[in-house]
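Dropping model_23.cif in here (mmCIF, N, CA and C atoms):
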data_upload
loop_
_atom_site.label_atom_id
_atom_site.label_comp_id
_atom_site.auth_asym_id
_atom_site.auth_seq_id
_atom_site.Cartn_x
_atom_site.Cartn_y
_atom_site.Cartn_z
N LEU A 13 -8.52 3.46 -19.10
CA LEU A 13 -8.49 2.16 -18.47
C LEU A 13 -8.55 2.28 -16.95
N ILE A 14 -7.84 3.26 -16.39
CA ILE A 14 -7.86 3.45 -14.94
C ILE A 14 -9.25 3.88 -14.50
N TRP A 15 -9.89 4.73 -15.30
CA TRP A 15 -11.24 5.17 -14.96
C TRP A 15 -12.20 3.98 -14.89
N ALA A 16 -12.11 3.08 -15.87
CA ALA A 16 -12.98 1.90 -15.89
C ALA A 16 -12.68 1.00 -14.69
N GLY A 17 -11.40 0.85 -14.38
CA GLY A 17 -11.03 0.06 -13.21
C GLY A 17 -11.58 0.65 -11.93
N ARG A 18 -11.51 1.98 -11.82
CA ARG A 18 -12.04 2.63 -10.62
C ARG A 18 -13.55 2.43 -10.52
N GLN A 19 -14.24 2.53 -11.64
CA GLN A 19 -15.69 2.31 -11.63
C GLN A 19 -16.02 0.90 -11.15
N TRP A 20 -15.26 -0.09 -11.63
CA TRP A 20 -15.50 -1.46 -11.20
C TRP A 20 -15.22 -1.60 -9.71
N LEU A 21 -14.08 -1.06 -9.25
CA LEU A 21 -13.75 -1.15 -7.84
C LEU A 21 -14.84 -0.52 -6.98
N GLU A 22 -15.28 0.65 -7.36
CA GLU A 22 -16.31 1.33 -6.57
C GLU A 22 -17.59 0.53 -6.51
N SER A 23 -17.86 -0.26 -7.55
CA SER A 23 -19.06 -1.10 -7.52
C SER A 23 -18.90 -2.29 -6.58
N GLN A 24 -17.67 -2.55 -6.14
CA GLN A 24 -17.38 -3.66 -5.23
C GLN A 24 -17.15 -3.18 -3.80
N GLU A 25 -17.66 -2.01 -3.47
CA GLU A 25 -17.41 -1.42 -2.15
C GLU A 25 -17.83 -2.35 -1.01
N HIS A 26 -18.85 -3.14 -1.21
CA HIS A 26 -19.34 -4.03 -0.16
C HIS A 26 -18.33 -5.12 0.21
N ILE A 27 -17.33 -5.35 -0.65
CA ILE A 27 -16.27 -6.32 -0.35
C ILE A 27 -14.90 -5.66 -0.50
N ALA A 28 -14.80 -4.42 -0.07
CA ALA A 28 -13.58 -3.62 -0.26
C ALA A 28 -12.34 -4.31 0.30
N SER A 29 -12.43 -4.87 1.49
CA SER A 29 -11.26 -5.51 2.11
C SER A 29 -10.78 -6.71 1.31
N THR A 30 -11.70 -7.50 0.84
CA THR A 30 -11.35 -8.67 0.03
C THR A 30 -10.71 -8.24 -1.28
N VAL A 31 -11.30 -7.26 -1.94
CA VAL A 31 -10.76 -6.76 -3.21
C VAL A 31 -9.36 -6.20 -2.99
N ALA A 32 -9.18 -5.39 -1.96
CA ALA A 32 -7.87 -4.78 -1.69
C ALA A 32 -6.81 -5.86 -1.44
N GLY A 33 -7.13 -6.82 -0.62
CA GLY A 33 -6.17 -7.89 -0.32
C GLY A 33 -5.79 -8.68 -1.55
N ASN A 34 -6.79 -9.05 -2.35
CA ASN A 34 -6.52 -9.85 -3.54
C ASN A 34 -5.76 -9.04 -4.60
N LEU A 35 -6.10 -7.78 -4.76
CA LEU A 35 -5.41 -6.94 -5.73
C LEU A 35 -3.94 -6.79 -5.36
N CYS A 36 -3.68 -6.60 -4.09
CA CYS A 36 -2.30 -6.42 -3.64
C CYS A 36 -1.50 -7.71 -3.72
N LYS A 37 -2.15 -8.85 -3.58
CA LYS A 37 -1.46 -10.12 -3.78
C LYS A 37 -1.12 -10.32 -5.26
N GLN A 38 -2.06 -9.95 -6.11
CA GLN A 38 -1.90 -10.16 -7.54
C GLN A 38 -0.82 -9.28 -8.16
N VAL A 39 -0.53 -8.13 -7.57
CA VAL A 39 0.46 -7.24 -8.16
C VAL A 39 1.81 -7.93 -8.30
N ALA A 40 2.14 -8.80 -7.38
CA ALA A 40 3.41 -9.51 -7.44
C ALA A 40 3.45 -10.51 -8.61
N GLU A 41 2.30 -10.88 -9.10
CA GLU A 41 2.22 -11.82 -10.22
C GLU A 41 2.37 -11.13 -11.58
N LEU A 42 2.26 -9.81 -11.59
CA LEU A 42 2.36 -9.07 -12.86
C LEU A 42 3.82 -9.03 -13.29
N ASN A 43 4.05 -9.25 -14.57
CA ASN A 43 5.41 -9.42 -15.07
C ASN A 43 6.18 -8.14 -15.34
N THR A 44 5.49 -7.05 -15.62
CA THR A 44 6.22 -5.86 -16.03
C THR A 44 6.01 -4.71 -15.05
N PHE A 45 6.98 -3.82 -15.06
CA PHE A 45 6.88 -2.60 -14.26
C PHE A 45 5.64 -1.82 -14.67
N ALA A 46 5.39 -1.71 -15.97
CA ALA A 46 4.25 -0.91 -16.46
C ALA A 46 2.93 -1.44 -15.91
N HIS A 47 2.75 -2.75 -15.90
CA HIS A 47 1.51 -3.33 -15.37
C HIS A 47 1.36 -3.00 -13.89
N ARG A 48 2.44 -3.17 -13.15
CA ARG A 48 2.39 -2.89 -11.71
C ARG A 48 2.14 -1.41 -11.46
N LEU A 49 2.78 -0.56 -12.24
CA LEU A 49 2.58 0.88 -12.08
C LEU A 49 1.14 1.27 -12.35
N HIS A 50 0.54 0.69 -13.38
CA HIS A 50 -0.85 0.99 -13.68
C HIS A 50 -1.77 0.58 -12.54
N LEU A 51 -1.49 -0.53 -11.92
CA LEU A 51 -2.28 -0.96 -10.77
C LEU A 51 -2.11 0.03 -9.61
N LEU A 52 -0.88 0.50 -9.40
CA LEU A 52 -0.63 1.49 -8.36
C LEU A 52 -1.39 2.79 -8.66
N TYR A 53 -1.40 3.20 -9.92
CA TYR A 53 -2.17 4.39 -10.30
C TYR A 53 -3.66 4.19 -10.05
N LEU A 54 -4.15 2.99 -10.31
CA LEU A 54 -5.56 2.68 -10.05
C LEU A 54 -5.88 2.83 -8.56
N VAL A 55 -5.04 2.26 -7.72
CA VAL A 55 -5.26 2.37 -6.27
C VAL A 55 -5.19 3.83 -5.85
N HIS A 56 -4.21 4.56 -6.37
CA HIS A 56 -4.09 5.99 -6.07
C HIS A 56 -5.37 6.73 -6.45
N ASP A 57 -5.90 6.44 -7.62
CA ASP A 57 -7.11 7.11 -8.09
C ASP A 57 -8.30 6.81 -7.19
N VAL A 58 -8.45 5.58 -6.77
CA VAL A 58 -9.56 5.19 -5.88
C VAL A 58 -9.43 5.91 -4.53
N LEU A 59 -8.23 5.90 -3.96
CA LEU A 59 -8.02 6.55 -2.66
C LEU A 59 -8.27 8.06 -2.76
N GLN A 60 -7.74 8.65 -3.79
CA GLN A 60 -7.90 10.09 -3.98
C GLN A 60 -9.38 10.46 -4.15
N SER A 61 -10.10 9.66 -4.92
CA SER A 61 -11.53 9.91 -5.14
C SER A 61 -12.33 9.83 -3.85
N GLU A 62 -12.04 8.81 -3.05
CA GLU A 62 -12.76 8.67 -1.78
C GLU A 62 -12.48 9.86 -0.86
N LEU A 63 -11.24 10.27 -0.81
CA LEU A 63 -10.91 11.39 0.08
C LEU A 63 -11.52 12.70 -0.42
N GLN A 64 -11.65 12.86 -1.71
CA GLN A 64 -12.27 14.07 -2.26
C GLN A 64 -13.75 14.14 -1.92
N MET A 65 -14.39 12.98 -1.81
CA MET A 65 -15.81 12.96 -1.45
C MET A 65 -16.01 13.48 -0.03
N GLY A 66 -15.03 13.23 0.84
CA GLY A 66 -15.02 13.82 2.17
C GLY A 66 -15.94 13.22 3.21
N SER A 67 -16.66 12.17 2.90
CA SER A 67 -17.55 11.56 3.87
C SER A 67 -16.87 10.37 4.53
N ALA A 68 -16.85 10.33 5.84
CA ALA A 68 -16.21 9.23 6.57
C ALA A 68 -16.86 7.89 6.21
N SER A 69 -18.13 7.91 5.88
CA SER A 69 -18.82 6.65 5.55
C SER A 69 -18.41 6.12 4.18
N SER A 70 -17.77 6.96 3.36
CA SER A 70 -17.39 6.51 2.02
C SER A 70 -15.90 6.21 1.90
N LEU A 71 -15.26 5.85 3.00
CA LEU A 71 -13.82 5.58 2.98
C LEU A 71 -13.50 4.09 3.02
N SER A 72 -14.39 3.26 2.50
CA SER A 72 -14.20 1.81 2.54
C SER A 72 -12.88 1.37 1.94
N PHE A 73 -12.57 1.87 0.75
CA PHE A 73 -11.34 1.45 0.09
C PHE A 73 -10.12 2.08 0.73
N TYR A 74 -10.25 3.27 1.25
CA TYR A 74 -9.13 3.91 1.94
C TYR A 74 -8.68 3.01 3.09
N TYR A 75 -9.63 2.60 3.94
CA TYR A 75 -9.28 1.74 5.08
C TYR A 75 -8.89 0.33 4.64
N ALA A 76 -9.46 -0.14 3.53
CA ALA A 76 -9.13 -1.49 3.04
C ALA A 76 -7.71 -1.54 2.46
N PHE A 77 -7.32 -0.52 1.71
CA PHE A 77 -6.01 -0.52 1.06
C PHE A 77 -4.88 -0.05 1.96
N TYR A 78 -5.18 0.78 2.94
CA TYR A 78 -4.13 1.42 3.72
C TYR A 78 -3.08 0.44 4.27
N PRO A 79 -3.46 -0.69 4.84
CA PRO A 79 -2.43 -1.61 5.36
C PRO A 79 -1.53 -2.20 4.28
N TYR A 80 -1.99 -2.20 3.04
CA TYR A 80 -1.24 -2.80 1.94
C TYR A 80 -0.36 -1.80 1.19
N LEU A 81 -0.52 -0.52 1.46
CA LEU A 81 0.18 0.49 0.68
C LEU A 81 1.71 0.32 0.68
N PRO A 82 2.36 0.08 1.82
CA PRO A 82 3.82 -0.07 1.75
C PRO A 82 4.26 -1.24 0.87
N HIS A 83 3.54 -2.35 0.96
CA HIS A 83 3.88 -3.53 0.16
C HIS A 83 3.59 -3.30 -1.32
N LEU A 84 2.52 -2.60 -1.60
CA LEU A 84 2.18 -2.28 -2.98
C LEU A 84 3.26 -1.39 -3.59
N LEU A 85 3.66 -0.35 -2.87
CA LEU A 85 4.73 0.52 -3.35
C LEU A 85 6.01 -0.27 -3.60
N ARG A 86 6.37 -1.08 -2.63
CA ARG A 86 7.61 -1.86 -2.74
C ARG A 86 7.56 -2.80 -3.94
N SER A 87 6.44 -3.45 -4.13
CA SER A 87 6.30 -4.39 -5.23
C SER A 87 6.51 -3.71 -6.58
N VAL A 88 6.09 -2.47 -6.69
CA VAL A 88 6.27 -1.74 -7.94
C VAL A 88 7.69 -1.20 -8.03
N TYR A 89 8.17 -0.58 -6.98
CA TYR A 89 9.48 0.07 -6.97
C TYR A 89 10.61 -0.93 -7.22
N GLN A 90 10.51 -2.10 -6.64
CA GLN A 90 11.59 -3.08 -6.72
C GLN A 90 11.78 -3.65 -8.13
N VAL A 91 10.79 -3.53 -9.01
CA VAL A 91 10.98 -4.01 -10.39
C VAL A 91 11.33 -2.88 -11.35
N ALA A 92 11.46 -1.67 -10.84
CA ALA A 92 11.87 -0.54 -11.68
C ALA A 92 13.29 -0.82 -12.18
N SER A 93 13.49 -0.70 -13.48
CA SER A 93 14.81 -1.00 -14.03
C SER A 93 15.62 0.26 -14.32
N THR A 94 14.99 1.42 -14.21
CA THR A 94 15.70 2.68 -14.43
C THR A 94 15.37 3.64 -13.31
N GLN A 95 16.19 4.66 -13.20
CA GLN A 95 15.95 5.70 -12.20
C GLN A 95 14.64 6.43 -12.51
N ALA A 96 14.34 6.59 -13.78
CA ALA A 96 13.10 7.27 -14.19
C ALA A 96 11.87 6.48 -13.73
N GLU A 97 11.93 5.16 -13.85
CA GLU A 97 10.81 4.35 -13.40
C GLU A 97 10.65 4.45 -11.88
N GLY A 98 11.76 4.36 -11.17
CA GLY A 98 11.70 4.53 -9.72
C GLY A 98 11.14 5.89 -9.35
N GLY A 99 11.49 6.89 -10.13
CA GLY A 99 10.97 8.24 -9.90
C GLY A 99 9.47 8.34 -10.05
N GLN A 100 8.90 7.53 -10.91
CA GLN A 100 7.44 7.52 -11.08
C GLN A 100 6.76 7.04 -9.80
N VAL A 101 7.34 6.04 -9.17
CA VAL A 101 6.78 5.52 -7.92
C VAL A 101 6.98 6.55 -6.81
N GLU A 102 8.16 7.16 -6.79
CA GLU A 102 8.44 8.22 -5.80
C GLU A 102 7.43 9.37 -5.95
N ARG A 103 7.07 9.68 -7.18
CA ARG A 103 6.12 10.76 -7.43
C ARG A 103 4.75 10.44 -6.82
N ILE A 104 4.31 9.21 -6.97
CA ILE A 104 3.02 8.81 -6.39
C ILE A 104 3.09 8.93 -4.87
N LEU A 105 4.19 8.51 -4.29
CA LEU A 105 4.36 8.62 -2.84
C LEU A 105 4.27 10.09 -2.42
N GLY A 106 4.88 10.98 -3.18
CA GLY A 106 4.79 12.41 -2.89
C GLY A 106 3.38 12.94 -3.03
N LEU A 107 2.65 12.43 -4.01
CA LEU A 107 1.25 12.85 -4.19
C LEU A 107 0.40 12.45 -3.00
N TRP A 108 0.75 11.35 -2.36
CA TRP A 108 -0.04 10.90 -1.22
C TRP A 108 0.02 11.90 -0.08
N VAL A 109 1.14 12.58 0.07
CA VAL A 109 1.23 13.64 1.08
C VAL A 109 0.40 14.83 0.61
N ASP A 110 0.60 15.23 -0.64
CA ASP A 110 -0.10 16.40 -1.18
C ASP A 110 -1.62 16.24 -1.15
N ARG A 111 -2.09 15.03 -1.37
CA ARG A 111 -3.53 14.78 -1.47
C ARG A 111 -4.15 14.32 -0.15
N GLY A 112 -3.33 14.20 0.89
CA GLY A 112 -3.86 13.83 2.21
C GLY A 112 -4.11 12.35 2.40
N ILE A 113 -3.55 11.52 1.55
CA ILE A 113 -3.72 10.08 1.70
C ILE A 113 -2.89 9.58 2.89
N CYS A 114 -1.69 10.13 3.03
CA CYS A 114 -0.79 9.81 4.15
C CYS A 114 -0.13 11.10 4.63
N ASP A 115 0.27 11.10 5.88
CA ASP A 115 1.02 12.26 6.37
C ASP A 115 2.50 12.07 6.02
N GLU A 116 3.28 13.11 6.20
CA GLU A 116 4.68 13.07 5.80
C GLU A 116 5.50 12.02 6.55
N PRO A 117 5.37 11.90 7.89
CA PRO A 117 6.15 10.85 8.56
C PRO A 117 5.81 9.43 8.05
N THR A 118 4.56 9.20 7.74
CA THR A 118 4.16 7.89 7.23
C THR A 118 4.77 7.64 5.86
N THR A 119 4.74 8.64 4.99
CA THR A 119 5.32 8.44 3.66
C THR A 119 6.83 8.26 3.74
N LYS A 120 7.47 8.87 4.72
CA LYS A 120 8.91 8.63 4.89
C LYS A 120 9.17 7.18 5.25
N ARG A 121 8.35 6.63 6.15
CA ARG A 121 8.49 5.21 6.52
C ARG A 121 8.19 4.30 5.32
N PHE A 122 7.14 4.65 4.57
CA PHE A 122 6.81 3.88 3.37
C PHE A 122 7.98 3.92 2.39
N GLY A 123 8.60 5.08 2.23
CA GLY A 123 9.72 5.23 1.31
C GLY A 123 10.92 4.39 1.72
N ILE A 124 11.22 4.36 3.00
CA ILE A 124 12.33 3.54 3.50
C ILE A 124 12.05 2.07 3.20
N PHE A 125 10.84 1.62 3.48
CA PHE A 125 10.44 0.24 3.24
C PHE A 125 10.53 -0.09 1.74
N MET A 126 10.04 0.83 0.92
CA MET A 126 9.98 0.64 -0.52
C MET A 126 11.38 0.52 -1.12
N ARG A 127 12.31 1.35 -0.65
CA ARG A 127 13.66 1.41 -1.23
C ARG A 127 14.63 0.37 -0.67
N ALA A 128 14.29 -0.26 0.44
CA ALA A 128 15.21 -1.23 1.07
C ALA A 128 15.54 -2.34 0.08
N PRO A 129 16.84 -2.58 -0.14
CA PRO A 129 17.20 -3.64 -1.10
C PRO A 129 16.74 -5.02 -0.64
N GLU A 130 16.76 -5.24 0.67
CA GLU A 130 16.30 -6.52 1.23
C GLU A 130 15.56 -6.23 2.52
N LEU A 131 14.65 -7.10 2.85
CA LEU A 131 13.92 -7.00 4.11
C LEU A 131 14.41 -8.10 5.04
N PRO A 132 14.35 -7.86 6.35
CA PRO A 132 14.73 -8.94 7.27
C PRO A 132 13.79 -10.12 7.11
N GLU A 133 14.28 -11.28 7.41
CA GLU A 133 13.43 -12.47 7.34
C GLU A 133 12.33 -12.36 8.36
N ARG A 134 11.21 -12.91 8.03
CA ARG A 134 10.06 -12.90 8.95
C ARG A 134 10.45 -13.58 10.25
N GLY A 135 10.14 -12.93 11.35
CA GLY A 135 10.43 -13.49 12.66
C GLY A 135 11.84 -13.21 13.15
N ALA A 136 12.66 -12.54 12.33
CA ALA A 136 14.04 -12.23 12.76
C ALA A 136 13.99 -11.12 13.80
N ASN A 137 14.79 -11.25 14.83
CA ASN A 137 14.86 -10.22 15.89
C ASN A 137 15.66 -9.03 15.40
N ALA A 138 15.21 -7.83 15.79
CA ALA A 138 15.92 -6.62 15.41
C ALA A 138 17.19 -6.45 16.22
N ALA A 139 17.18 -6.90 17.46
CA ALA A 139 18.35 -6.77 18.33
C ALA A 139 18.71 -8.11 18.92
N PRO A 140 20.01 -8.38 19.11
CA PRO A 140 20.41 -9.67 19.68
C PRO A 140 20.06 -9.79 21.14
#
Would you mind writing the structure in this file as structure tokens?
Amino acid sequence: LIWAGRQWLESQEHIASTVAGNLCKQVAELNTFAHRLHLLYLVHDVLQSELQMGSASSLSFYYAFYPYLPHLLRSVYQVASTQAEGGQVERILGLWVDRGICDEPTTKRFGIFMRAPELPERGANAAP
């Protein structure tokens, strides 16, 4: 199923940004952890495939999805009901370092964002 999804995504390269934005919005509408995790695996597969090709001109989805990655991770991680499920999301985050999708400092920031029980309200000041 992930392979078929990747094939479809790759055929939509000309609208990569639109597809990435809509896919990441839709993940919040999925009811189960398993559905969200499968979508995360699909995105992982697309990013990994593009990076393996190694051509800067073929990184449409990498650049389209990159801004959404922290929110996508969080959306999946926050519905994990067991430590094992959370570990599956953590594993993908670790693979992103191993596969060159993100560097280690970036994945640490993504991990902090993903694990935060609550986020500050939009527009809230960090310091008084």
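CA of Pro82 (chain A) lies 6.8 Å from CA of Phe125 (chain A).
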Around all of region 112-129 of chain A's listed atoms, make the axis-aligned box with 5 Å on each side and tell me centre and edge lengths in Å to one decimal, as AutoDock Vina command-line options.
--center_x 6.5 --center_y 4.6 --center_z 3.7 --size_x 31.3 --size_y 29.2 --size_z 19.8
Just list the residues in chain A DSSP gives alpha helix (DSSP H) on the backbone, as a count of residues only. 85
To verify the selection step, state as an MDAnalysis selection string which residues the PyMOL selection byres ((chain A and resi 45) around 7) yields on this input. chainID A and resid 42:44 46:50 88 91:93
Could you tell me which residues the PyMOL selection byres ((chain A and resi 100-113) around 8) returns for this structure, as JSON, numbers by chain? {"A": [49, 52, 53, 56, 59, 60, 63, 64, 85, 88, 89, 94, 95, 96, 97, 98, 99, 114, 115, 116, 119, 120, 122, 123]}
Save out the residues we just selected, N, CA and C atoms, as a PDB file, in the coordinates of the input.
ATOM      1  N   LEU A  49       2.780  -0.560 -12.240  1.00  0.00           N
ATOM      2  CA  LEU A  49       2.580   0.880 -12.080  1.00  0.00           C
ATOM      3  C   LEU A  49       1.140   1.270 -12.350  1.00  0.00           C
ATOM      4  N   LEU A  52      -0.880   0.500  -9.400  1.00  0.00           N
ATOM      5  CA  LEU A  52      -0.630   1.490  -8.360  1.00  0.00           C
ATOM      6  C   LEU A  52      -1.390   2.790  -8.660  1.00  0.00           C
ATOM      7  N   TYR A  53      -1.400   3.200  -9.920  1.00  0.00           N
ATOM      8  CA  TYR A  53      -2.170   4.390 -10.300  1.00  0.00           C
ATOM      9  C   TYR A  53      -3.660   4.190 -10.050  1.00  0.00           C
ATOM     10  N   HIS A  56      -4.210   4.560  -6.370  1.00  0.00           N
ATOM     11  CA  HIS A  56      -4.090   5.990  -6.070  1.00  0.00           C
ATOM     12  C   HIS A  56      -5.370   6.730  -6.450  1.00  0.00           C
ATOM     13  N   LEU A  59      -8.230   5.900  -3.960  1.00  0.00           N
ATOM     14  CA  LEU A  59      -8.020   6.550  -2.660  1.00  0.00           C
ATOM     15  C   LEU A  59      -8.270   8.060  -2.760  1.00  0.00           C
ATOM     16  N   GLN A  60      -7.740   8.650  -3.790  1.00  0.00           N
ATOM     17  CA  GLN A  60      -7.900  10.090  -3.980  1.00  0.00           C
ATOM     18  C   GLN A  60      -9.380  10.460  -4.150  1.00  0.00           C
ATOM     19  N   LEU A  63     -11.240  10.270  -0.810  1.00  0.00           N
ATOM     20  CA  LEU A  63     -10.910  11.390   0.080  1.00  0.00           C
ATOM     21  C   LEU A  63     -11.520  12.700  -0.420  1.00  0.00           C
ATOM     22  N   GLN A  64     -11.650  12.860  -1.710  1.00  0.00           N
ATOM     23  CA  GLN A  64     -12.270  14.070  -2.260  1.00  0.00           C
ATOM     24  C   GLN A  64     -13.750  14.140  -1.920  1.00  0.00           C
ATOM     25  N   LEU A  85       3.660  -0.350  -2.870  1.00  0.00           N
ATOM     26  CA  LEU A  85       4.730   0.520  -3.350  1.00  0.00           C
ATOM     27  C   LEU A  85       6.010  -0.270  -3.600  1.00  0.00           C
ATOM     28  N   VAL A  88       6.090  -2.470  -6.690  1.00  0.00           N
ATOM     29  CA  VAL A  88       6.270  -1.740  -7.940  1.00  0.00           C
ATOM     30  C   VAL A  88       7.690  -1.200  -8.030  1.00  0.00           C
ATOM     31  N   TYR A  89       8.170  -0.580  -6.980  1.00  0.00           N
ATOM     32  CA  TYR A  89       9.480   0.070  -6.970  1.00  0.00           C
ATOM     33  C   TYR A  89      10.610  -0.930  -7.220  1.00  0.00           C
ATOM     34  N   THR A  94      14.990   1.420 -14.210  1.00  0.00           N
ATOM     35  CA  THR A  94      15.700   2.680 -14.430  1.00  0.00           C
ATOM     36  C   THR A  94      15.370   3.640 -13.310  1.00  0.00           C
ATOM     37  N   GLN A  95      16.190   4.660 -13.200  1.00  0.00           N
ATOM     38  CA  GLN A  95      15.950   5.700 -12.200  1.00  0.00           C
ATOM     39  C   GLN A  95      14.640   6.430 -12.510  1.00  0.00           C
ATOM     40  N   ALA A  96      14.340   6.590 -13.780  1.00  0.00           N
ATOM     41  CA  ALA A  96      13.100   7.270 -14.190  1.00  0.00           C
ATOM     42  C   ALA A  96      11.870   6.480 -13.730  1.00  0.00           C
ATOM     43  N   GLU A  97      11.930   5.160 -13.850  1.00  0.00           N
ATOM     44  CA  GLU A  97      10.810   4.350 -13.400  1.00  0.00           C
ATOM     45  C   GLU A  97      10.650   4.450 -11.880  1.00  0.00           C
ATOM     46  N   GLY A  98      11.760   4.360 -11.170  1.00  0.00           N
ATOM     47  CA  GLY A  98      11.700   4.530  -9.720  1.00  0.00           C
ATOM     48  C   GLY A  98      11.140   5.890  -9.350  1.00  0.00           C
ATOM     49  N   GLY A  99      11.490   6.890 -10.130  1.00  0.00           N
ATOM     50  CA  GLY A  99      10.970   8.240  -9.900  1.00  0.00           C
ATOM     51  C   GLY A  99       9.470   8.340 -10.050  1.00  0.00           C
ATOM     52  N   CYS A 114      -1.690  10.130   3.030  1.00  0.00           N
ATOM     53  CA  CYS A 114      -0.790   9.810   4.150  1.00  0.00           C
ATOM     54  C   CYS A 114      -0.130  11.100   4.630  1.00  0.00           C
ATOM     55  N   ASP A 115       0.270  11.100   5.880  1.00  0.00           N
ATOM     56  CA  ASP A 115       1.020  12.260   6.370  1.00  0.00           C
ATOM     57  C   ASP A 115       2.500  12.070   6.020  1.00  0.00           C
ATOM     58  N   GLU A 116       3.280  13.110   6.200  1.00  0.00           N
ATOM     59  CA  GLU A 116       4.680  13.070   5.800  1.00  0.00           C
ATOM     60  C   GLU A 116       5.500  12.020   6.550  1.00  0.00           C
ATOM     61  N   THR A 119       4.740   8.640   4.990  1.00  0.00           N
ATOM     62  CA  THR A 119       5.320   8.440   3.660  1.00  0.00           C
ATOM     63  C   THR A 119       6.830   8.260   3.740  1.00  0.00           C
ATOM     64  N   LYS A 120       7.470   8.870   4.720  1.00  0.00           N
ATOM     65  CA  LYS A 120       8.910   8.630   4.890  1.00  0.00           C
ATOM     66  C   LYS A 120       9.170   7.180   5.250  1.00  0.00           C
ATOM     67  N   PHE A 122       7.140   4.650   4.570  1.00  0.00           N
ATOM     68  CA  PHE A 122       6.810   3.880   3.370  1.00  0.00           C
ATOM     69  C   PHE A 122       7.980   3.920   2.390  1.00  0.00           C
ATOM     70  N   GLY A 123       8.600   5.080   2.230  1.00  0.00           N
ATOM     71  CA  GLY A 123       9.720   5.230   1.310  1.00  0.00           C
ATOM     72  C   GLY A 123      10.920   4.390   1.720  1.00  0.00           C
TER      73      GLY A 123
END
Rank A:Arg86, A:Ala40, A:Trp20, A:Trp15 by their smallest atom-to-atom distance to Pro129 (chain A), using only C-alpha atoms, and report the top residue only.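 Using only C-alpha atoms, the shortest distance to Pro129 (chain A) belongs to A:Arg86.
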Restrict the calculation to only C-alpha atoms, then for each residue of region 50-132 of chain A with any atom at most 10 Å from an atom of region 22-35 of chain A give the closest atom pair and their distance in Å to one decimal, rows by chain and rising residue number, as a Markdown table.
| residue | atom | partner | partner_atom | distance |
| --- | --- | --- | --- | --- |
| A:Leu51 | CA | A:Leu35 | CA | 8.4 |
| A:Val55 | CA | A:Ala32 | CA | 8.9 |
| A:Val58 | CA | A:Glu22 | CA | 7.8 |
| A:Ser61 | CA | A:Glu22 | CA | 9.9 |
| A:Glu62 | CA | A:Glu22 | CA | 9.5 |
| A:Ser70 | CA | A:Glu25 | CA | 9.0 |
| A:Leu71 | CA | A:Glu25 | CA | 9.4 |
| A:Ser72 | CA | A:Ala28 | CA | 6.1 |
| A:Phe73 | CA | A:Ala28 | CA | 5.6 |
| A:Tyr74 | CA | A:Ala28 | CA | 9.0 |
| A:Tyr75 | CA | A:Ser29 | CA | 8.1 |
| A:Ala76 | CA | A:Ser29 | CA | 4.6 |
| A:Phe77 | CA | A:Ala32 | CA | 5.4 |
| A:Tyr78 | CA | A:Ala32 | CA | 9.0 |
| A:Pro79 | CA | A:Gly33 | CA | 9.3 |
| A:Tyr80 | CA | A:Gly33 | CA | 7.4 |
| A:Leu81 | CA | A:Ala32 | CA | 9.9 |
| A:Leu84 | CA | A:Leu35 | CA | 9.3 |
Atoms to include: N, CA and C atoms. Write the selected residues as a tab-separated table (two decimals), in the coordinates of the input.
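File written: out-v2.tsv
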chain	number	residue	atom	x	y	z
A	51	LEU	N	-1.49	-0.53	-11.92
A	51	LEU	CA	-2.28	-0.96	-10.77
A	51	LEU	C	-2.11	0.03	-9.61
A	55	VAL	N	-5.04	2.26	-7.72
A	55	VAL	CA	-5.26	2.37	-6.27
A	55	VAL	C	-5.19	3.83	-5.85
A	58	VAL	N	-8.45	5.58	-6.77
A	58	VAL	CA	-9.56	5.19	-5.88
A	58	VAL	C	-9.43	5.91	-4.53
A	61	SER	N	-10.10	9.66	-4.92
A	61	SER	CA	-11.53	9.91	-5.14
A	61	SER	C	-12.33	9.83	-3.85
A	62	GLU	N	-12.04	8.81	-3.05
A	62	GLU	CA	-12.76	8.67	-1.78
A	62	GLU	C	-12.48	9.86	-0.86
A	70	SER	N	-17.77	6.96	3.36
A	70	SER	CA	-17.39	6.51	2.02
A	70	SER	C	-15.90	6.21	1.90
A	71	LEU	N	-15.26	5.85	3.00
A	71	LEU	CA	-13.82	5.58	2.98
A	71	LEU	C	-13.50	4.09	3.02
A	72	SER	N	-14.39	3.26	2.50
A	72	SER	CA	-14.20	1.81	2.54
A	72	SER	C	-12.88	1.37	1.94
A	73	PHE	N	-12.57	1.87	0.75
A	73	PHE	CA	-11.34	1.45	0.09
A	73	PHE	C	-10.12	2.08	0.73
A	74	TYR	N	-10.25	3.27	1.25
A	74	TYR	CA	-9.13	3.91	1.94
A	74	TYR	C	-8.68	3.01	3.09
A	75	TYR	N	-9.63	2.60	3.94
A	75	TYR	CA	-9.28	1.74	5.08
A	75	TYR	C	-8.89	0.33	4.64
A	76	ALA	N	-9.46	-0.14	3.53
A	76	ALA	CA	-9.13	-1.49	3.04
A	76	ALA	C	-7.71	-1.54	2.46
A	77	PHE	N	-7.32	-0.52	1.71
A	77	PHE	CA	-6.01	-0.52	1.06
A	77	PHE	C	-4.88	-0.05	1.96
A	78	TYR	N	-5.18	0.78	2.94
A	78	TYR	CA	-4.13	1.42	3.72
A	78	TYR	C	-3.08	0.44	4.27
A	79	PRO	N	-3.46	-0.69	4.84
A	79	PRO	CA	-2.43	-1.61	5.36
A	79	PRO	C	-1.53	-2.20	4.28
A	80	TYR	N	-1.99	-2.20	3.04
A	80	TYR	CA	-1.24	-2.80	1.94
A	80	TYR	C	-0.36	-1.80	1.19
A	81	LEU	N	-0.52	-0.52	1.46
A	81	LEU	CA	0.18	0.49	0.68
A	81	LEU	C	1.71	0.32	0.68
A	84	LEU	N	2.52	-2.60	-1.60
A	84	LEU	CA	2.18	-2.28	-2.98
A	84	LEU	C	3.26	-1.39	-3.59
So which one's closest to Arg18 (chain A), A:Ile124, A:Leu131, A:Val39, A:Leu54? Using only C-alpha atoms, please. A:Leu54
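Note that CA of Ile14 (chain A) and atom C of Pro117 (chain A) are 27.4 Å apart.
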